[in-house]
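Here is the structure we will look at.
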Amino acid sequence: MNDLKSLLDELVEAGSNPKKTVLKSMQDTKKEAVGCFPIYTPEEIIYAAGYLPVGMWGGPTDLKLADKYLQGFCCSIMRSNIEYGMKGTYSFLKAVAISTFCDTLKCICENWKVAVPEIPLIPVVYPQNRMIEAGKEYLNEEFKRVAKELEKLSGKLITEDAINESFEIYEDFRAAMREFTVAVSTHLNTIDAKTRHLVIKASFFMDKKTYTLKIKEITKELNALPKEDFNGIKVIATGLIAEPTALLDILVENNIGIIDDDLSQESRGFRVAARKEGTVYERMVSRIVDQRGCTFLFEEAKTRGAMLIDMVNKHQADAVLVIMMKFCDPEEFDYPIYKEEIENNGIPILYVETEQQMDSAEQIRTRIQSFAEMLTVEV
Amino acid sequence: MEKTVTSKQMLGELLEKHYKTAIDAKAEGKLVAWATSICPQELLETMGIDVVYPENHAAAIGARKDAMRFIQQAEGKGYSNDICSYARVNMGYVDLKFSEAENIPMPDLIFCCSNICNTAIKWYENLAKVLNIPIIMFDMPFNHTFDVPEHSIKYMAGQIKHAIKQLEEITGREFDYDRFKEVMEISADTARWWKKATDLNKNHPSPLNGFDMFNYMAIIVCNRGKIEGRDLFKLWHDELAAKVEAGIGPWKDQEEKYRIMWDGIACWPHLGDTYKVLKKHGVNMVTSTYPESWTVIYDTGDIEGMAKAYASNYANRNLDYGTKNVARLVKEFDLDGILYHSNRSCKLMDFRQYEVQRRVEAMTGIPSVVFDGDQTDPRVFTLSQYETRVQALIEMMEKNKELRRNG
């Protein structure tokens, strides 16, 4: 138990202090870091090129410099990243990789070149028609192009052994994360909403090999404990990211546990395992092809609502918690569709709108408190 | 004696015919598609499928001041007021199905091309889901490089071939490649005449006010693959060329004092106001970044060329291209200033606008201002802000002219 507590404390601390954690990881691994904007950045290739891939998920900061490029109605994660870039917060990065999954990301990619010219940019353009052959071939080529850009950056070739090894490290990491989230679902007293988020978030700032060892240990310790009766409200969280931290504090205060998630920063990144056959790049493609219910990937059947309902049923959850990052177009388009499906299934749904730079979380507090009271009365 | 038809009359007739034909087709049980404004319509035209364009329709509803009913309906369903207002108007129309402004039949097929934005992907994905109908998707990867990369072209050509198969399955008919070539030729021709006509505004004075150009845009969107569309733009071109020949400017009662570019989509619900403020001061919008998007030209029969042409839309290209493109327009159209519409609906255009503005100003030395508005949501625009910004632009343009006059 002591091991579990100290491991959790360590990762919570790591997830709470991105820059400190990244600098320590760089020191420990003696690697230079490459920043990875959200989402689905092909970290395996960056890792294989000998760099430490680190997540760039914004953060609370005063927005001043970014106004030179972006109007106020731009996603706050992206405004923060540009602000941090311009302020020099990211000066330790060797390069950044930006995927262009939405209109905002396309513009961020272009603005980065001008706003932060000292940190080279590697854009990654994913296909939306990912299930047809032409889409798969394109993504394969795109991954190889990214690999070439990284080779140019490092001046070294990415060997087949390096990419194979890196991919296995990442597949192992993703499998370990899936196991961790399963273990959490039966231990919501030990792992509250905030701990869950920060432990997962820590993975973005550490060497994946090191992190995986720790998360496996945590899962092992959790599984050694008896399953816990959680007397609070169990929710499935969906959206981009479970932040700001104030939101998590309010969830904990109201005894709301996240039993499973469909968040970009969390399960969406690791819920799909690669297919076994093919080259490494083909296997990387297969993970994107096989992803379902993700707002950033075109899907004719649009199964997100059905997927969330299945998750609620599987875990006997009490509600779906929608954490809407303001100005996130893809998420905002999905909401009316899955909202109707979830409501038609009689599942309560709580919608909270967040920004990374929130002056006050009082409005969210009131919404969550009334929701918790309503559900408690119903139970 | 043969009656002479003006292009303006023809424009009205073609628009009326466009909507009526689609409504009749639906009534007769024929397939109707909804498509994005700069999509490879050649495929649908070849298959003889009637197409309507939700963006055109939303703009018409906006211009005739009927947008709020639909916007409120969509917002009531949970659509955020932060997302594209064309999408909100259209999703509202899916529920309400009637507007005093203009009506379109419900679709049997969704046809989407992401060269205009990724928002279209989400919007059209929702349409297909809500209406439970098939969707054909053309994904055109964003060009962060100046030119369209080879592997993107291959991917897009693959999608065109895949779409042809989908169309054959949906219609139960074989794709007619000879007809395809004909449509490709007509489409490229229409685009050429559209460009030739709008390029006549390079003359001094320009024969056209740009707000009329916005009106003609409806037909370049919905009749690009049809002979009537080509004929309209040819006629329009000839009329404008005659005006140029005679030295006739854009207005009878006002001189063209300043020549500006409008960046972005029109504020359809405030079209009259935005126009009048400019005209009052003799400011003519002679060009815009937007209309050239329909100059989609490629060699007949060349599928890869077609893919590349569609992917080369300025909205889908990088900042260097965007800047170079505007600087070119400044030179070619001999502009005095630029009016940037910070269109609350269009994040793709907005979030590059400030940098384009700075660079173009540095490259060309002409002044510019930004105003806040929206393509169809009437709540965003304020006339007083617009007037103040235009006034500031005029003062800067006048100062420049004075400097030039004084050598």
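Ligands are numbered from 1 in the order shown, residues from 1 within each chain, and chains are lettered A, B, ... in the order they appear in the structure tokens.
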
Using only C-alpha atoms and a distance of at most 9 Å, pull out the residues of chain A that contact chain B, as a compact mmCIF listing (two decimals) with all heavy atoms, in the first residue's frame.
# COMPACT_ATOMS: atom_id res chain seq x y z
N LYS A 68 -1.72 38.60 -30.75
CA LYS A 68 -1.17 39.11 -32.01
C LYS A 68 -1.61 38.23 -33.18
O LYS A 68 -1.63 38.68 -34.33
CB LYS A 68 0.36 39.11 -31.88
CG LYS A 68 1.08 39.83 -32.98
CD LYS A 68 2.59 39.86 -32.74
CE LYS A 68 3.30 40.28 -34.00
NZ LYS A 68 4.73 40.08 -33.94
N TYR A 69 -1.89 36.97 -32.87
CA TYR A 69 -2.23 36.02 -33.94
C TYR A 69 -3.67 35.52 -33.89
O TYR A 69 -4.22 35.11 -34.91
CB TYR A 69 -1.28 34.81 -33.89
CG TYR A 69 0.14 35.19 -34.17
CD1 TYR A 69 1.02 35.53 -33.15
CD2 TYR A 69 0.60 35.30 -35.48
CE1 TYR A 69 2.32 35.93 -33.40
CE2 TYR A 69 1.88 35.69 -35.75
CZ TYR A 69 2.76 36.01 -34.72
OH TYR A 69 4.02 36.41 -34.99
N LEU A 70 -4.23 35.47 -32.69
CA LEU A 70 -5.49 34.75 -32.54
C LEU A 70 -6.57 35.61 -31.88
O LEU A 70 -6.30 36.26 -30.87
CB LEU A 70 -5.26 33.50 -31.69
CG LEU A 70 -4.22 32.53 -32.24
CD1 LEU A 70 -3.78 31.55 -31.16
CD2 LEU A 70 -4.76 31.79 -33.45
N GLN A 71 -7.76 35.55 -32.44
CA GLN A 71 -8.88 36.25 -31.84
C GLN A 71 -9.28 35.53 -30.54
O GLN A 71 -8.89 34.37 -30.32
CB GLN A 71 -10.08 36.25 -32.79
CG GLN A 71 -9.96 37.24 -33.96
CD GLN A 71 -9.37 36.66 -35.23
OE1 GLN A 71 -8.58 35.74 -35.18
NE2 GLN A 71 -9.76 37.20 -36.37
N PHE A 73 -11.90 34.15 -29.68
CA PHE A 73 -12.77 32.96 -29.77
C PHE A 73 -12.02 31.74 -30.30
O PHE A 73 -12.58 30.90 -31.00
CB PHE A 73 -14.03 33.25 -30.60
CG PHE A 73 -13.77 33.93 -31.92
CD1 PHE A 73 -13.53 33.18 -33.07
CD2 PHE A 73 -13.79 35.31 -32.02
CE1 PHE A 73 -13.31 33.80 -34.29
CE2 PHE A 73 -13.56 35.93 -33.23
CZ PHE A 73 -13.32 35.18 -34.38
N CYS A 74 -10.75 31.67 -29.92
CA CYS A 74 -9.93 30.52 -30.31
C CYS A 74 -9.76 29.63 -29.09
O CYS A 74 -9.62 30.11 -27.96
CB CYS A 74 -8.58 31.03 -30.81
SG CYS A 74 -7.42 29.73 -31.19
N THR A 100 -2.95 18.46 -37.84
CA THR A 100 -3.93 19.47 -38.28
C THR A 100 -5.34 18.90 -38.33
O THR A 100 -5.95 18.85 -39.39
CB THR A 100 -3.54 20.03 -39.67
OG1 THR A 100 -3.48 18.91 -40.58
CG2 THR A 100 -2.19 20.71 -39.65
N PHE A 101 -5.84 18.49 -37.17
CA PHE A 101 -7.14 17.82 -37.14
C PHE A 101 -8.36 18.73 -37.24
O PHE A 101 -9.46 18.25 -37.42
CB PHE A 101 -7.25 16.99 -35.86
CG PHE A 101 -6.61 15.65 -35.99
CD1 PHE A 101 -5.40 15.38 -35.39
CD2 PHE A 101 -7.21 14.66 -36.74
CE1 PHE A 101 -4.80 14.15 -35.52
CE2 PHE A 101 -6.62 13.42 -36.88
CZ PHE A 101 -5.41 13.16 -36.27
N CYS A 102 -8.15 20.02 -37.03
CA CYS A 102 -9.30 20.92 -37.12
C CYS A 102 -8.83 22.22 -37.75
O CYS A 102 -7.63 22.43 -37.94
CB CYS A 102 -9.91 21.17 -35.74
SG CYS A 102 -8.77 22.02 -34.63
N ASP A 103 -9.77 23.11 -38.04
CA ASP A 103 -9.40 24.37 -38.69
C ASP A 103 -8.47 25.19 -37.81
O ASP A 103 -7.55 25.86 -38.32
CB ASP A 103 -10.67 25.16 -39.02
CG ASP A 103 -11.51 24.44 -40.06
OD1 ASP A 103 -10.91 23.71 -40.88
OD2 ASP A 103 -12.74 24.58 -40.05
N THR A 104 -8.70 25.13 -36.49
CA THR A 104 -7.83 25.89 -35.59
C THR A 104 -6.41 25.36 -35.64
O THR A 104 -5.45 26.13 -35.73
CB THR A 104 -8.40 25.84 -34.16
OG1 THR A 104 -9.72 26.38 -34.18
CG2 THR A 104 -7.55 26.62 -33.17
N LEU A 105 -6.27 24.04 -35.58
CA LEU A 105 -4.92 23.46 -35.62
C LEU A 105 -4.18 23.80 -36.91
O LEU A 105 -2.96 24.00 -36.92
CB LEU A 105 -4.99 21.94 -35.43
CG LEU A 105 -5.04 21.48 -33.96
CD1 LEU A 105 -5.50 20.03 -33.87
CD2 LEU A 105 -3.68 21.62 -33.28
N LYS A 106 -4.90 23.87 -38.03
CA LYS A 106 -4.26 24.25 -39.30
C LYS A 106 -3.65 25.65 -39.15
O LYS A 106 -2.52 25.90 -39.57
CB LYS A 106 -5.29 24.30 -40.44
CG LYS A 106 -5.88 22.96 -40.84
CD LYS A 106 -6.92 23.20 -41.94
CE LYS A 106 -7.80 22.01 -42.17
NZ LYS A 106 -8.91 22.31 -43.10
N CYS A 107 -4.43 26.55 -38.57
CA CYS A 107 -3.95 27.93 -38.41
C CYS A 107 -2.82 28.01 -37.40
O CYS A 107 -1.88 28.79 -37.57
CB CYS A 107 -5.09 28.85 -37.97
SG CYS A 107 -6.40 28.96 -39.18
N ILE A 108 -2.92 27.20 -36.34
CA ILE A 108 -1.87 27.21 -35.32
C ILE A 108 -0.56 26.76 -35.95
O ILE A 108 0.51 27.33 -35.71
CB ILE A 108 -2.25 26.28 -34.13
CG1 ILE A 108 -3.47 26.83 -33.40
CG2 ILE A 108 -1.08 26.07 -33.18
CD1 ILE A 108 -3.29 28.18 -32.76
N CYS A 109 -0.66 25.75 -36.80
CA CYS A 109 0.50 25.24 -37.52
C CYS A 109 1.16 26.38 -38.30
O CYS A 109 2.37 26.59 -38.24
CB CYS A 109 0.00 24.12 -38.43
SG CYS A 109 1.11 23.55 -39.68
N GLU A 110 0.36 27.17 -38.99
CA GLU A 110 0.90 28.26 -39.80
C GLU A 110 1.44 29.39 -38.92
O GLU A 110 2.49 29.97 -39.20
CB GLU A 110 -0.17 28.78 -40.75
CG GLU A 110 -0.49 27.82 -41.88
CD GLU A 110 0.76 27.42 -42.65
OE1 GLU A 110 1.45 28.31 -43.14
OE2 GLU A 110 1.05 26.21 -42.73
N ASN A 111 0.71 29.71 -37.86
CA ASN A 111 1.15 30.81 -36.98
C ASN A 111 2.42 30.46 -36.24
O ASN A 111 3.24 31.33 -35.96
CB ASN A 111 0.04 31.17 -35.99
CG ASN A 111 -1.04 32.02 -36.64
OD1 ASN A 111 -0.75 32.94 -37.38
ND2 ASN A 111 -2.29 31.67 -36.40
N VAL A 114 5.69 31.54 -37.64
CA VAL A 114 6.04 32.94 -37.55
C VAL A 114 6.21 33.38 -36.09
O VAL A 114 7.12 34.13 -35.76
CB VAL A 114 4.90 33.82 -38.15
CG1 VAL A 114 5.42 35.21 -38.46
CG2 VAL A 114 4.26 33.17 -39.34
N PRO A 123 4.78 19.52 -39.20
CA PRO A 123 3.34 19.31 -39.30
C PRO A 123 3.02 17.85 -39.65
O PRO A 123 3.83 17.18 -40.31
CB PRO A 123 2.91 20.22 -40.45
CG PRO A 123 4.11 21.04 -40.79
CD PRO A 123 5.30 20.26 -40.36
N VAL A 125 -0.28 15.71 -41.20
CA VAL A 125 -1.64 15.85 -41.73
C VAL A 125 -2.27 14.47 -41.88
O VAL A 125 -1.86 13.69 -42.75
CB VAL A 125 -1.64 16.60 -43.08
CG1 VAL A 125 -3.07 16.91 -43.50
CG2 VAL A 125 -0.83 17.89 -42.99
N TYR A 126 -3.24 14.19 -41.05
CA TYR A 126 -3.90 12.87 -41.08
C TYR A 126 -5.00 12.85 -42.12
O TYR A 126 -5.62 13.87 -42.39
CB TYR A 126 -4.49 12.57 -39.70
CG TYR A 126 -3.47 12.07 -38.70
CD1 TYR A 126 -2.61 12.95 -38.07
CD2 TYR A 126 -3.37 10.71 -38.41
CE1 TYR A 126 -1.67 12.49 -37.15
CE2 TYR A 126 -2.43 10.25 -37.51
CZ TYR A 126 -1.58 11.14 -36.88
OH TYR A 126 -0.65 10.69 -35.99
N PRO A 127 -5.28 11.67 -42.67
CA PRO A 127 -6.40 11.58 -43.61
C PRO A 127 -7.72 11.39 -42.87
O PRO A 127 -7.74 10.75 -41.82
CB PRO A 127 -6.07 10.31 -44.40
CG PRO A 127 -5.34 9.45 -43.41
CD PRO A 127 -4.60 10.38 -42.49
N GLN A 128 -8.78 11.96 -43.38
CA GLN A 128 -10.10 11.71 -42.79
C GLN A 128 -10.76 10.49 -43.43
O GLN A 128 -11.50 9.77 -42.79
CB GLN A 128 -10.98 12.95 -42.94
CG GLN A 128 -10.54 14.11 -42.07
CD GLN A 128 -10.78 13.85 -40.59
OE1 GLN A 128 -11.67 13.11 -40.21
NE2 GLN A 128 -9.96 14.47 -39.75
N ASN A 129 -10.46 10.27 -44.70
CA ASN A 129 -10.99 9.05 -45.36
C ASN A 129 -10.02 7.91 -45.05
O ASN A 129 -9.36 7.36 -45.93
CB ASN A 129 -11.07 9.27 -46.88
CG ASN A 129 -12.51 9.36 -47.33
OD1 ASN A 129 -13.40 8.76 -46.73
ND2 ASN A 129 -12.74 10.10 -48.40
N ILE A 132 -10.43 3.81 -46.40
CA ILE A 132 -10.24 3.32 -47.76
C ILE A 132 -8.73 3.15 -48.03
O ILE A 132 -7.91 3.75 -47.35
CB ILE A 132 -10.88 4.25 -48.83
CG1 ILE A 132 -10.19 5.62 -48.88
CG2 ILE A 132 -12.37 4.43 -48.56
CD1 ILE A 132 -10.63 6.49 -50.05
N GLU A 133 -8.41 2.33 -49.02
CA GLU A 133 -7.00 2.03 -49.30
C GLU A 133 -6.16 3.29 -49.52
O GLU A 133 -5.06 3.41 -49.00
CB GLU A 133 -6.89 1.11 -50.52
CG GLU A 133 -7.06 -0.37 -50.21
CD GLU A 133 -6.28 -0.85 -48.98
OE1 GLU A 133 -5.05 -0.64 -48.95
OE2 GLU A 133 -6.91 -1.42 -48.06
N ALA A 134 -6.71 4.21 -50.32
CA ALA A 134 -5.95 5.44 -50.63
C ALA A 134 -5.61 6.20 -49.36
O ALA A 134 -4.53 6.80 -49.25
CB ALA A 134 -6.74 6.32 -51.59
N GLY A 135 -6.51 6.18 -48.39
CA GLY A 135 -6.29 6.86 -47.11
C GLY A 135 -5.19 6.19 -46.31
O GLY A 135 -4.34 6.86 -45.72
N LYS A 136 -5.22 4.87 -46.31
CA LYS A 136 -4.21 4.12 -45.56
C LYS A 136 -2.82 4.35 -46.17
O LYS A 136 -1.84 4.57 -45.46
CB LYS A 136 -4.53 2.62 -45.57
CG LYS A 136 -5.79 2.26 -44.81
CD LYS A 136 -6.03 0.77 -44.93
CE LYS A 136 -7.48 0.44 -44.66
NZ LYS A 136 -7.83 -0.93 -45.01
N GLU A 137 -2.77 4.29 -47.50
CA GLU A 137 -1.48 4.51 -48.18
C GLU A 137 -0.95 5.91 -47.91
O GLU A 137 0.23 6.12 -47.67
CB GLU A 137 -1.64 4.31 -49.69
CG GLU A 137 -1.71 2.85 -50.08
CD GLU A 137 -2.23 2.66 -51.51
OE1 GLU A 137 -2.13 3.61 -52.32
OE2 GLU A 137 -2.76 1.56 -51.79
N TYR A 138 -1.87 6.87 -47.95
CA TYR A 138 -1.47 8.25 -47.71
C TYR A 138 -0.86 8.40 -46.32
O TYR A 138 0.21 9.01 -46.15
CB TYR A 138 -2.68 9.20 -47.86
CG TYR A 138 -2.43 10.57 -47.28
CD1 TYR A 138 -1.71 11.52 -47.99
CD2 TYR A 138 -2.87 10.88 -46.00
CE1 TYR A 138 -1.43 12.76 -47.43
CE2 TYR A 138 -2.61 12.12 -45.44
CZ TYR A 138 -1.89 13.05 -46.16
OH TYR A 138 -1.61 14.28 -45.59
N GLU A 141 2.57 7.03 -46.05
CA GLU A 141 3.52 7.97 -46.65
C GLU A 141 3.78 9.16 -45.74
O GLU A 141 4.90 9.64 -45.63
CB GLU A 141 2.97 8.50 -47.99
CG GLU A 141 2.96 7.49 -49.11
CD GLU A 141 4.37 7.09 -49.52
OE1 GLU A 141 5.19 8.00 -49.73
OE2 GLU A 141 4.63 5.87 -49.59
N GLU A 142 2.72 9.62 -45.12
CA GLU A 142 2.84 10.79 -44.25
C GLU A 142 3.73 10.47 -43.04
O GLU A 142 4.59 11.28 -42.66
CB GLU A 142 1.43 11.24 -43.81
CG GLU A 142 1.37 12.49 -42.96
CD GLU A 142 1.77 13.78 -43.67
OE1 GLU A 142 2.11 13.75 -44.87
OE2 GLU A 142 1.77 14.83 -43.00
N THR A 295 -14.08 12.33 -32.15
CA THR A 295 -14.59 13.53 -32.82
C THR A 295 -13.67 14.05 -33.92
O THR A 295 -14.12 14.73 -34.83
CB THR A 295 -14.86 14.62 -31.76
OG1 THR A 295 -15.56 15.68 -32.36
CG2 THR A 295 -13.57 15.15 -31.13
N PHE A 296 -12.39 13.71 -33.84
CA PHE A 296 -11.44 14.26 -34.82
C PHE A 296 -11.26 13.39 -36.05
O PHE A 296 -10.50 13.72 -36.95
CB PHE A 296 -10.08 14.50 -34.15
CG PHE A 296 -10.17 15.55 -33.08
CD1 PHE A 296 -10.27 15.19 -31.74
CD2 PHE A 296 -10.21 16.89 -33.42
CE1 PHE A 296 -10.38 16.17 -30.75
CE2 PHE A 296 -10.32 17.87 -32.44
CZ PHE A 296 -10.42 17.50 -31.11
N PHE A 298 -13.26 11.36 -39.10
CA PHE A 298 -14.54 11.17 -39.79
C PHE A 298 -15.02 9.72 -39.68
O PHE A 298 -14.25 8.79 -39.89
CB PHE A 298 -14.37 11.54 -41.27
CG PHE A 298 -15.51 11.11 -42.15
CD1 PHE A 298 -16.79 11.60 -41.93
CD2 PHE A 298 -15.32 10.22 -43.19
CE1 PHE A 298 -17.85 11.20 -42.73
CE2 PHE A 298 -16.37 9.82 -44.01
CZ PHE A 298 -17.64 10.31 -43.77
N GLU A 299 -16.28 9.59 -39.34
CA GLU A 299 -16.86 8.25 -39.21
C GLU A 299 -18.32 8.34 -39.64
O GLU A 299 -19.13 8.94 -38.93
CB GLU A 299 -16.74 7.79 -37.76
CG GLU A 299 -17.11 6.34 -37.55
CD GLU A 299 -17.18 5.97 -36.07
OE1 GLU A 299 -16.72 6.76 -35.21
OE2 GLU A 299 -17.71 4.90 -35.79
N GLU A 300 -18.63 7.74 -40.76
CA GLU A 300 -19.98 7.85 -41.31
C GLU A 300 -21.04 7.41 -40.29
O GLU A 300 -22.08 8.05 -40.14
CB GLU A 300 -20.08 7.01 -42.59
CG GLU A 300 -21.43 7.13 -43.26
CD GLU A 300 -21.50 6.48 -44.63
OE1 GLU A 300 -20.48 5.93 -45.08
OE2 GLU A 300 -22.58 6.54 -45.24
N ALA A 301 -20.75 6.32 -39.58
CA ALA A 301 -21.76 5.78 -38.66
C ALA A 301 -21.87 6.62 -37.38
O ALA A 301 -22.84 6.51 -36.65
CB ALA A 301 -21.40 4.34 -38.30
N LYS A 302 -20.89 7.45 -37.14
CA LYS A 302 -20.88 8.34 -35.97
C LYS A 302 -21.30 7.58 -34.71
O LYS A 302 -22.39 7.77 -34.17
CB LYS A 302 -21.83 9.52 -36.23
CG LYS A 302 -21.18 10.86 -35.90
CD LYS A 302 -22.07 12.02 -36.28
CE LYS A 302 -21.73 13.25 -35.46
NZ LYS A 302 -20.47 13.89 -35.69
N LYS A 326 -14.34 25.09 -24.51
CA LYS A 326 -15.01 26.10 -25.33
C LYS A 326 -14.24 26.35 -26.64
O LYS A 326 -13.02 26.30 -26.66
CB LYS A 326 -15.11 27.39 -24.53
CG LYS A 326 -16.22 28.29 -25.02
CD LYS A 326 -16.57 29.35 -23.99
CE LYS A 326 -17.31 30.51 -24.60
NZ LYS A 326 -18.50 30.17 -25.38
N PHE A 327 -14.99 26.57 -27.70
CA PHE A 327 -14.50 26.85 -29.05
C PHE A 327 -13.89 25.64 -29.74
O PHE A 327 -13.19 25.78 -30.74
CB PHE A 327 -13.47 28.00 -29.05
CG PHE A 327 -13.95 29.25 -28.37
CD1 PHE A 327 -13.26 29.80 -27.29
CD2 PHE A 327 -15.11 29.87 -28.81
CE1 PHE A 327 -13.73 30.95 -26.67
CE2 PHE A 327 -15.57 31.03 -28.19
CZ PHE A 327 -14.88 31.56 -27.11
N CYS A 328 -14.13 24.44 -29.21
CA CYS A 328 -13.65 23.24 -29.90
C CYS A 328 -14.74 22.80 -30.88
O CYS A 328 -15.69 22.11 -30.50
CB CYS A 328 -13.33 22.14 -28.91
SG CYS A 328 -12.82 20.62 -29.75
N ASP A 329 -14.59 23.21 -32.13
CA ASP A 329 -15.62 22.92 -33.14
C ASP A 329 -16.01 21.45 -33.24
O ASP A 329 -17.19 21.12 -33.20
CB ASP A 329 -15.13 23.37 -34.52
CG ASP A 329 -15.45 24.83 -34.80
OD1 ASP A 329 -16.23 25.41 -34.05
OD2 ASP A 329 -14.91 25.36 -35.78
N PRO A 330 -15.02 20.54 -33.41
CA PRO A 330 -15.42 19.14 -33.58
C PRO A 330 -16.26 18.63 -32.41
O PRO A 330 -17.31 18.01 -32.60
CB PRO A 330 -14.08 18.41 -33.68
CG PRO A 330 -13.14 19.43 -34.19
CD PRO A 330 -13.57 20.72 -33.56
N GLU A 332 -18.01 20.41 -30.35
CA GLU A 332 -19.31 21.10 -30.31
C GLU A 332 -20.28 20.56 -31.37
O GLU A 332 -21.49 20.58 -31.17
CB GLU A 332 -19.10 22.61 -30.49
CG GLU A 332 -18.51 23.26 -29.24
CD GLU A 332 -18.13 24.73 -29.40
OE1 GLU A 332 -18.02 25.22 -30.55
OE2 GLU A 332 -17.91 25.38 -28.37
N PHE A 333 -19.76 20.07 -32.47
CA PHE A 333 -20.63 19.46 -33.49
C PHE A 333 -21.16 18.10 -33.04
O PHE A 333 -22.27 17.72 -33.38
CB PHE A 333 -19.88 19.30 -34.81
CG PHE A 333 -20.08 20.45 -35.76
CD1 PHE A 333 -19.12 21.42 -35.92
CD2 PHE A 333 -21.25 20.55 -36.52
CE1 PHE A 333 -19.30 22.50 -36.79
CE2 PHE A 333 -21.44 21.61 -37.39
CZ PHE A 333 -20.46 22.59 -37.53
N ASP A 334 -20.33 17.35 -32.31
CA ASP A 334 -20.77 16.01 -31.89
C ASP A 334 -21.84 16.06 -30.81
O ASP A 334 -22.70 15.19 -30.75
CB ASP A 334 -19.56 15.23 -31.33
CG ASP A 334 -18.77 14.54 -32.42
OD1 ASP A 334 -19.11 14.72 -33.60
OD2 ASP A 334 -17.80 13.82 -32.08
N TYR A 335 -21.75 17.09 -29.96
CA TYR A 335 -22.58 17.11 -28.76
C TYR A 335 -24.09 16.93 -29.01
O TYR A 335 -24.71 16.05 -28.40
CB TYR A 335 -22.29 18.40 -27.96
CG TYR A 335 -23.21 18.59 -26.79
CD1 TYR A 335 -23.18 17.72 -25.71
CD2 TYR A 335 -24.14 19.63 -26.77
CE1 TYR A 335 -24.05 17.88 -24.64
CE2 TYR A 335 -25.00 19.80 -25.71
CZ TYR A 335 -24.95 18.93 -24.65
OH TYR A 335 -25.82 19.09 -23.60
N PRO A 336 -24.71 17.72 -29.92
CA PRO A 336 -26.16 17.54 -30.08
C PRO A 336 -26.56 16.12 -30.51
O PRO A 336 -27.64 15.64 -30.16
CB PRO A 336 -26.52 18.54 -31.20
CG PRO A 336 -25.38 19.48 -31.28
CD PRO A 336 -24.17 18.74 -30.84
N ILE A 337 -25.66 15.46 -31.24
CA ILE A 337 -25.97 14.12 -31.75
C ILE A 337 -25.94 13.09 -30.62
O ILE A 337 -26.91 12.36 -30.40
CB ILE A 337 -24.96 13.70 -32.86
CG1 ILE A 337 -24.92 14.74 -33.99
CG2 ILE A 337 -25.26 12.30 -33.38
CD1 ILE A 337 -26.13 14.82 -34.87
N LYS A 339 -25.87 13.68 -27.41
CA LYS A 339 -26.76 14.11 -26.31
C LYS A 339 -28.15 13.48 -26.48
O LYS A 339 -28.70 12.90 -25.55
CB LYS A 339 -26.88 15.65 -26.35
CG LYS A 339 -27.91 16.24 -25.42
CD LYS A 339 -27.92 17.77 -25.60
CE LYS A 339 -28.96 18.46 -24.77
NZ LYS A 339 -30.23 18.66 -25.48
N GLU A 340 -28.67 13.58 -27.71
CA GLU A 340 -30.01 13.04 -27.96
C GLU A 340 -30.03 11.52 -27.75
O GLU A 340 -30.95 10.98 -27.14
CB GLU A 340 -30.43 13.40 -29.39
CG GLU A 340 -31.91 13.19 -29.63
CD GLU A 340 -32.34 13.62 -31.03
OE1 GLU A 340 -31.66 14.46 -31.64
OE2 GLU A 340 -33.36 13.08 -31.50

Work out how far atom CA of A:Glu253 is from atom CA of A:His187, in Å to one decimal. 17.2 Å

Stretch 319-376 of chain A: which residues are alpha helix (DSSP H) by DSSP, as a ChimeraX atom specification? /A:329-344,362-376

So which residues touch stretch 350-360 of chain A within 7 Å, counting only C-alpha atoms, skipping near sequence neighbours fewer than 6 positions away, as a list in words?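 Surrounding residues, per the criterion: Gly59, Pro60, Thr61, Ser76, Ile77, Glu243, Pro244, Val320, Leu321, Val322, Ile323, Met324, Met325 and Lys326 of chain A.
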
For stretch 21-23 of chain B: contacts at 8 Å, only C-alpha atoms, fewer than 2 positions along chain excluded, given as a PyMOL selection string: chain B and resi 17-19+25-27+32+50-52+104-105

Which distance in Å separates atom CA of A:Leu308 and atom CA of A:Glu266, to one decimal?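 Atom-to-atom, atom CA of A:Leu308 to atom CA of A:Glu266, that is 14.8 Å.
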
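The spacing separating atom CA of A:Leu157 from atom CA of A:Val124 amounts to 19.2 Å.
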
Between A:Arg130, A:Ala14, A:Gln369, A:Glu160, single out the one closest to A:Val289, counting only C-alpha atoms.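 When distances to A:Val289 are compared using only C-alpha atoms, the smallest one comes from A:Arg130.
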